[in-house]
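Undergrad: Okay, so here is entry_15.csv, and as you'll see once you scroll down, it has CSV, N, CA, C and O atoms.
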```csv
chain,number,residue,atom,x,y,z
A,401,MET,N,0.9,-1.2,0.0
A,401,MET,CA,0.0,0.0,0.0
A,401,MET,C,0.9,1.2,0.0
A,401,MET,O,1.8,1.4,0.8
A,402,ASN,N,0.7,2.1,-0.9
A,402,ASN,CA,1.5,3.3,-1.0
A,402,ASN,C,0.9,4.4,-0.1
A,402,ASN,O,-0.1,4.3,0.5
A,403,LYS,N,1.7,5.5,-0.1
A,403,LYS,CA,1.3,6.6,0.8
A,403,LYS,C,-0.1,7.2,0.5
A,403,LYS,O,-0.8,7.5,1.4
A,404,LEU,N,-0.4,7.3,-0.8
A,404,LEU,CA,-1.7,7.9,-1.1
A,404,LEU,C,-2.8,6.9,-0.7
A,404,LEU,O,-3.9,7.4,-0.2
A,405,ASP,N,-2.6,5.6,-0.9
A,405,ASP,CA,-3.6,4.7,-0.4
A,405,ASP,C,-3.8,4.7,1.1
A,405,ASP,O,-5.0,4.7,1.6
A,406,GLU,N,-2.8,4.9,1.8
A,406,GLU,CA,-2.9,5.0,3.3
A,406,GLU,C,-3.6,6.3,3.7
A,406,GLU,O,-4.4,6.3,4.6
A,407,GLU,N,-3.3,7.4,3.0
A,407,GLU,CA,-4.0,8.7,3.3
A,407,GLU,C,-5.5,8.5,2.9
A,407,GLU,O,-6.3,9.0,3.7
A,408,PHE,N,-5.8,7.9,1.8
A,408,PHE,CA,-7.2,7.6,1.4
A,408,PHE,C,-7.9,6.9,2.5
A,408,PHE,O,-9.0,7.4,2.9
A,409,GLU,N,-7.4,5.8,3.0
A,409,GLU,CA,-8.0,5.1,4.1
A,409,GLU,C,-8.2,5.9,5.4
A,409,GLU,O,-9.2,5.9,6.0
A,410,MET,N,-7.2,6.7,5.7
A,410,MET,CA,-7.2,7.5,6.9
A,410,MET,C,-8.3,8.6,6.8
A,410,MET,O,-9.2,8.8,7.7
A,411,LEU,N,-8.4,9.2,5.6
A,411,LEU,CA,-9.4,10.2,5.4
A,411,LEU,C,-10.8,9.6,5.4
A,411,LEU,O,-11.7,10.2,6.0
A,412,MET,N,-11.0,8.5,4.8
A,412,MET,CA,-12.3,7.8,4.8
A,412,MET,C,-12.7,7.5,6.2
A,412,MET,O,-13.9,7.8,6.6
A,413,ASP,N,-11.8,7.1,7.1
A,413,ASP,CA,-12.2,6.8,8.5
A,413,ASP,C,-12.6,8.0,9.2
A,413,ASP,O,-13.5,8.1,10.0
A,414,GLU,N,-11.8,9.1,9.0
A,414,GLU,CA,-12.1,10.4,9.7
A,414,GLU,C,-13.4,11.0,9.2
A,414,GLU,O,-14.2,11.5,10.0
A,415,ILE,N,-13.7,10.9,7.9
A,415,ILE,CA,-14.9,11.4,7.3
A,415,ILE,C,-16.1,10.6,7.9
A,415,ILE,O,-17.1,11.2,8.3
A,416,LYS,N,-16.0,9.3,7.9
A,416,LYS,CA,-17.0,8.5,8.5
A,416,LYS,C,-17.3,8.8,9.9
A,416,LYS,O,-18.5,8.9,10.3
A,417,PHE,N,-16.3,8.9,10.7
A,417,PHE,CA,-16.4,9.3,12.1
A,417,PHE,C,-17.2,10.6,12.3
A,417,PHE,O,-18.1,10.7,13.1
A,418,ASP,N,-16.7,11.6,11.6
A,418,ASP,CA,-17.3,13.0,11.7
A,418,ASP,C,-18.7,13.0,11.2
A,418,ASP,O,-19.6,13.5,11.9
A,419,TYR,N,-19.0,12.3,10.1
A,419,TYR,CA,-20.4,12.2,9.6
A,419,TYR,C,-21.3,11.6,10.6
A,419,TYR,O,-22.4,12.1,10.9
A,420,GLU,N,-20.9,10.4,11.1
A,420,GLU,CA,-21.7,9.7,12.0
A,420,GLU,C,-22.0,10.5,13.3
A,420,GLU,O,-23.1,10.4,13.9
A,421,ALA,N,-21.0,11.2,13.8
A,421,ALA,CA,-21.1,12.0,15.0
A,421,ALA,C,-22.2,13.1,14.7
A,421,ALA,O,-23.1,13.3,15.6
A,422,LEU,N,-22.1,13.7,13.6
A,422,LEU,CA,-23.1,14.8,13.3
A,422,LEU,C,-24.5,14.2,13.0
A,422,LEU,O,-25.5,14.7,13.5
A,423,ALA,N,-24.5,13.1,12.3
A,423,ALA,CA,-25.8,12.5,11.9
A,423,ALA,C,-26.6,12.0,13.1
A,423,ALA,O,-27.8,12.1,13.2
A,424,CYS,N,-25.8,11.5,14.1
A,424,CYS,CA,-26.4,10.9,15.3
A,424,CYS,C,-26.6,11.9,16.4
A,424,CYS,O,-27.1,11.5,17.5
A,425,GLY,N,-26.1,13.1,16.3
A,425,GLY,CA,-26.2,14.1,17.3
A,425,GLY,C,-25.3,13.8,18.5
A,425,GLY,O,-25.5,14.3,19.6
A,426,SER,N,-24.2,13.1,18.2
A,426,SER,CA,-23.2,12.7,19.2
A,426,SER,C,-22.3,13.9,19.5
A,426,SER,O,-22.2,14.9,18.8
A,427,THR,N,-21.7,13.9,20.7
A,427,THR,CA,-20.7,14.9,21.1
A,427,THR,C,-19.3,14.3,20.9
A,427,THR,O,-19.0,13.3,21.4
A,428,VAL,N,-18.5,15.0,20.1
A,428,VAL,CA,-17.1,14.6,19.9
A,428,VAL,C,-16.3,15.4,21.0
A,428,VAL,O,-16.5,16.5,21.2
A,429,THR,N,-15.4,14.6,21.6
A,429,THR,CA,-14.5,15.2,22.6
A,429,THR,C,-13.0,15.0,22.2
A,429,THR,O,-12.7,14.0,21.6
A,430,MET,N,-12.2,15.9,22.7
A,430,MET,CA,-10.8,15.8,22.5
A,430,MET,C,-10.2,16.3,23.8
A,430,MET,O,-10.4,17.4,24.3
A,431,ASP,N,-9.4,15.4,24.4
A,431,ASP,CA,-8.8,15.7,25.7
A,431,ASP,C,-9.8,16.1,26.8
A,431,ASP,O,-9.6,17.0,27.6
A,432,GLY,N,-11.0,15.4,26.7
A,432,GLY,CA,-12.0,15.7,27.7
A,432,GLY,C,-12.9,16.9,27.4
A,432,GLY,O,-13.8,17.2,28.2
A,433,LYS,N,-12.6,17.7,26.4
A,433,LYS,CA,-13.4,18.9,26.1
A,433,LYS,C,-14.2,18.6,24.8
A,433,LYS,O,-13.8,18.1,23.9
A,434,ALA,N,-15.5,19.1,24.9
A,434,ALA,CA,-16.4,18.9,23.8
A,434,ALA,C,-16.0,19.8,22.7
A,434,ALA,O,-15.6,20.9,22.9
A,435,ILE,N,-16.1,19.3,21.5
A,435,ILE,CA,-15.8,20.0,20.2
A,435,ILE,C,-17.2,20.4,19.6
A,435,ILE,O,-18.0,19.5,19.4
A,436,PRO,N,-17.3,21.7,19.3
A,436,PRO,CA,-18.6,22.1,18.7
A,436,PRO,C,-18.9,21.4,17.4
A,436,PRO,O,-17.9,21.1,16.6
A,437,ASN,N,-20.1,21.1,17.1
A,437,ASN,CA,-20.5,20.5,15.9
A,437,ASN,C,-20.0,21.3,14.7
A,437,ASN,O,-19.7,20.7,13.6
A,438,SER,N,-20.0,22.6,14.8
A,438,SER,CA,-19.5,23.4,13.7
A,438,SER,C,-18.1,23.1,13.3
A,438,SER,O,-17.7,23.0,12.1
A,439,GLN,N,-17.3,22.8,14.3
A,439,GLN,CA,-15.9,22.5,14.1
A,439,GLN,C,-15.7,21.1,13.5
A,439,GLN,O,-14.9,20.8,12.7
A,440,VAL,N,-16.6,20.2,13.9
A,440,VAL,CA,-16.6,18.8,13.4
A,440,VAL,C,-17.0,18.9,11.9
A,440,VAL,O,-16.4,18.2,11.1
A,441,ALA,N,-18.0,19.7,11.6
A,441,ALA,CA,-18.4,19.9,10.2
A,441,ALA,C,-17.3,20.5,9.3
A,441,ALA,O,-17.1,20.1,8.2
A,442,VAL,N,-16.5,21.4,9.9
A,442,VAL,CA,-15.4,22.0,9.2
A,442,VAL,C,-14.3,21.0,8.9
A,442,VAL,O,-13.8,20.9,7.8
A,443,SER,N,-14.1,20.1,9.9
A,443,SER,CA,-13.1,19.1,9.8
A,443,SER,C,-13.6,18.1,8.7
A,443,SER,O,-12.8,17.7,7.8
A,444,LEU,N,-14.8,17.8,8.7
A,444,LEU,CA,-15.4,16.9,7.6
A,444,LEU,C,-15.2,17.5,6.3
A,444,LEU,O,-14.8,16.8,5.3
A,445,ALA,N,-15.5,18.7,6.1
A,445,ALA,CA,-15.4,19.4,4.8
A,445,ALA,C,-13.9,19.4,4.3
A,445,ALA,O,-13.6,19.2,3.2
A,446,LYS,N,-13.0,19.8,5.2
A,446,LYS,CA,-11.6,19.8,4.9
A,446,LYS,C,-11.1,18.4,4.5
A,446,LYS,O,-10.3,18.3,3.5
A,447,ASN,N,-11.5,17.4,5.2
A,447,ASN,CA,-11.1,16.0,4.9
A,447,ASN,C,-11.7,15.6,3.5
A,447,ASN,O,-11.0,14.9,2.7
A,448,ALA,N,-12.9,16.0,3.3
A,448,ALA,CA,-13.5,15.6,2.0
A,448,ALA,C,-12.8,16.3,0.8
A,448,ALA,O,-12.6,15.7,-0.2
A,449,SER,N,-12.4,17.5,1.0
A,449,SER,CA,-11.7,18.3,0.0
A,449,SER,C,-10.3,17.6,-0.3
A,449,SER,O,-10.0,17.4,-1.4
A,450,ARG,N,-9.6,17.2,0.8
A,450,ARG,CA,-8.4,16.5,0.6
A,450,ARG,C,-8.6,15.2,0.0
A,450,ARG,O,-7.8,14.7,-0.9
A,451,LEU,N,-9.7,14.5,0.3
A,451,LEU,CA,-10.0,13.2,-0.3
A,451,LEU,C,-10.1,13.3,-1.8
A,451,LEU,O,-9.7,12.5,-2.6
A,452,SER,N,-10.8,14.4,-2.2
A,452,SER,CA,-10.9,14.6,-3.7
A,452,SER,C,-9.6,14.7,-4.4
A,452,SER,O,-9.4,14.2,-5.5
A,453,GLU,N,-8.7,15.4,-3.7
A,453,GLU,CA,-7.3,15.6,-4.3
A,453,GLU,C,-6.6,14.2,-4.3
A,453,GLU,O,-5.9,13.9,-5.3
A,454,VAL,N,-6.7,13.4,-3.3
A,454,VAL,CA,-6.1,12.1,-3.3
A,454,VAL,C,-6.7,11.2,-4.4
A,454,VAL,O,-5.9,10.6,-5.1
A,455,LEU,N,-8.0,11.3,-4.5
A,455,LEU,CA,-8.6,10.5,-5.5
A,455,LEU,C,-8.2,10.9,-6.9
A,455,LEU,O,-7.9,10.0,-7.8
A,456,TYR,N,-8.1,12.2,-7.1
A,456,TYR,CA,-7.6,12.7,-8.4
A,456,TYR,C,-6.2,12.2,-8.7
A,456,TYR,O,-5.9,11.7,-9.8
A,457,SER,N,-5.3,12.2,-7.7
A,457,SER,CA,-3.9,11.7,-7.9
A,457,SER,C,-3.9,10.2,-8.2
A,457,SER,O,-3.1,9.8,-9.0
A,458,LEU,N,-4.7,9.5,-7.4
A,458,LEU,CA,-4.8,8.0,-7.7
A,458,LEU,C,-5.3,7.7,-9.1
A,458,LEU,O,-4.8,6.8,-9.7
A,459,GLU,N,-6.3,8.5,-9.5
A,459,GLU,CA,-6.8,8.3,-10.9
A,459,GLU,C,-5.7,8.6,-11.9
A,459,GLU,O,-5.6,7.9,-12.9
A,460,GLU,N,-5.0,9.7,-11.7
A,460,GLU,CA,-3.9,10.0,-12.6
A,460,GLU,C,-2.8,9.0,-12.7
A,460,GLU,O,-2.3,8.7,-13.8
A,461,MET,N,-2.6,8.3,-11.6
A,461,MET,CA,-1.5,7.3,-11.5
A,461,MET,C,-2.0,6.0,-12.3
A,461,MET,O,-1.2,5.3,-12.9
A,462,GLU,N,-3.3,5.8,-12.4
A,462,GLU,CA,-3.9,4.7,-13.1
A,462,GLU,C,-3.7,4.8,-14.6
A,462,GLU,O,-3.6,3.9,-15.4
A,463,ASP,N,-3.8,6.1,-15.1
A,463,ASP,CA,-3.8,6.4,-16.5
A,463,ASP,C,-2.4,6.2,-17.2
A,463,ASP,O,-1.4,6.0,-16.7
```
Just give me the structure as structure tokens.
TA:
Amino acid sequence: MNKLDEEFEMLMDEIKFDYEALACGSTVTMDGKAIPNSQVAVSLAKNASRLSEVLYSLEEMED
């Protein structure tokens, strides 16, 4: 597994975690402090944006 594949897997896990937390109304905590849902949504959006870049690179490598 190359570096892009590993990053893809990591991003997918983070996106899934953030999405499920928002969809279920869960509270995400870090070091015992609650993280506002707005910050979780921003994290999800940033990870989705990076995921699109990784996917584009992986597609380019296939060609």
Undergrad: Per DSSP on the backbone, filter chain A down to the residues in strand (DSSP E) and report them as a ChimeraX atom specification.
TA: /A:428-430,433-435
Undergrad: Export, as a compact mmCIF listing (two decimals), in the coordinates of the input, the selected residues with N, CA, C and O atoms.
TA:
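Written out: again.txt:
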```txt
# COMPACT_ATOMS: atom_id res chain seq x y z
N VAL A 428 -18.50 15.00 20.10
CA VAL A 428 -17.10 14.60 19.90
C VAL A 428 -16.30 15.40 21.00
O VAL A 428 -16.50 16.50 21.20
N THR A 429 -15.40 14.60 21.60
CA THR A 429 -14.50 15.20 22.60
C THR A 429 -13.00 15.00 22.20
O THR A 429 -12.70 14.00 21.60
N MET A 430 -12.20 15.90 22.70
CA MET A 430 -10.80 15.80 22.50
C MET A 430 -10.20 16.30 23.80
O MET A 430 -10.40 17.40 24.30
N LYS A 433 -12.60 17.70 26.40
CA LYS A 433 -13.40 18.90 26.10
C LYS A 433 -14.20 18.60 24.80
O LYS A 433 -13.80 18.10 23.90
N ALA A 434 -15.50 19.10 24.90
CA ALA A 434 -16.40 18.90 23.80
C ALA A 434 -16.00 19.80 22.70
O ALA A 434 -15.60 20.90 22.90
N ILE A 435 -16.10 19.30 21.50
CA ILE A 435 -15.80 20.00 20.20
C ILE A 435 -17.20 20.40 19.60
O ILE A 435 -18.00 19.50 19.40
```
Undergrad: Taking the chain letters and numbering used in this document, name the residues of chain A that DSSP puts in helix (DSSP H, G or I), as an MDAnalysis selection string.
TA: chainID A and resid 403:424 437:462
Undergrad: Expressed in Å to a single decimal, how great is the separation between atom O of Met412 (chain A) and atom O of Ser443 (chain A)?
TA: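 Pair atom O of Met412 (chain A) / atom O of Ser443 (chain A) returns 10.0 Å.
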Undergrad: For Glu409 (chain A), find every residue with an atom within 12 Å (counting only C-alpha atoms), except residues of its own chain fewer than 4 positions away, and show them as a list in words.
TA: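 Using only C-alpha atoms, the neighbours found are Met401, Asn402, Lys403, Leu404, Asp405, Asp413, Glu414, Ile415, Lys416, Asn447, Arg450, Leu451, Val454 and Leu455 of chain A.
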Undergrad: For Asp418 (chain A), work out the shell of residues within 6 Å, counting only N, CA, C and O atoms and skipping chain neighbours fewer than 5 positions away, then give it as a compact mmCIF listing (two decimals) with N, CA, C and O atoms, keeping the file's coordinate frame.
TA:
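Dumped everything to out.txt:
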```
# COMPACT_ATOMS: atom_id res chain seq x y z
N ASP A 413 -11.80 7.10 7.10
CA ASP A 413 -12.20 6.80 8.50
C ASP A 413 -12.60 8.00 9.20
O ASP A 413 -13.50 8.10 10.00
N ALA A 423 -24.50 13.10 12.30
CA ALA A 423 -25.80 12.50 11.90
C ALA A 423 -26.60 12.00 13.10
O ALA A 423 -27.80 12.10 13.20
N VAL A 440 -16.60 20.20 13.90
CA VAL A 440 -16.60 18.80 13.40
C VAL A 440 -17.00 18.90 11.90
O VAL A 440 -16.40 18.20 11.10
N LEU A 444 -14.80 17.80 8.70
CA LEU A 444 -15.40 16.90 7.60
C LEU A 444 -15.20 17.50 6.30
O LEU A 444 -14.80 16.80 5.30
```
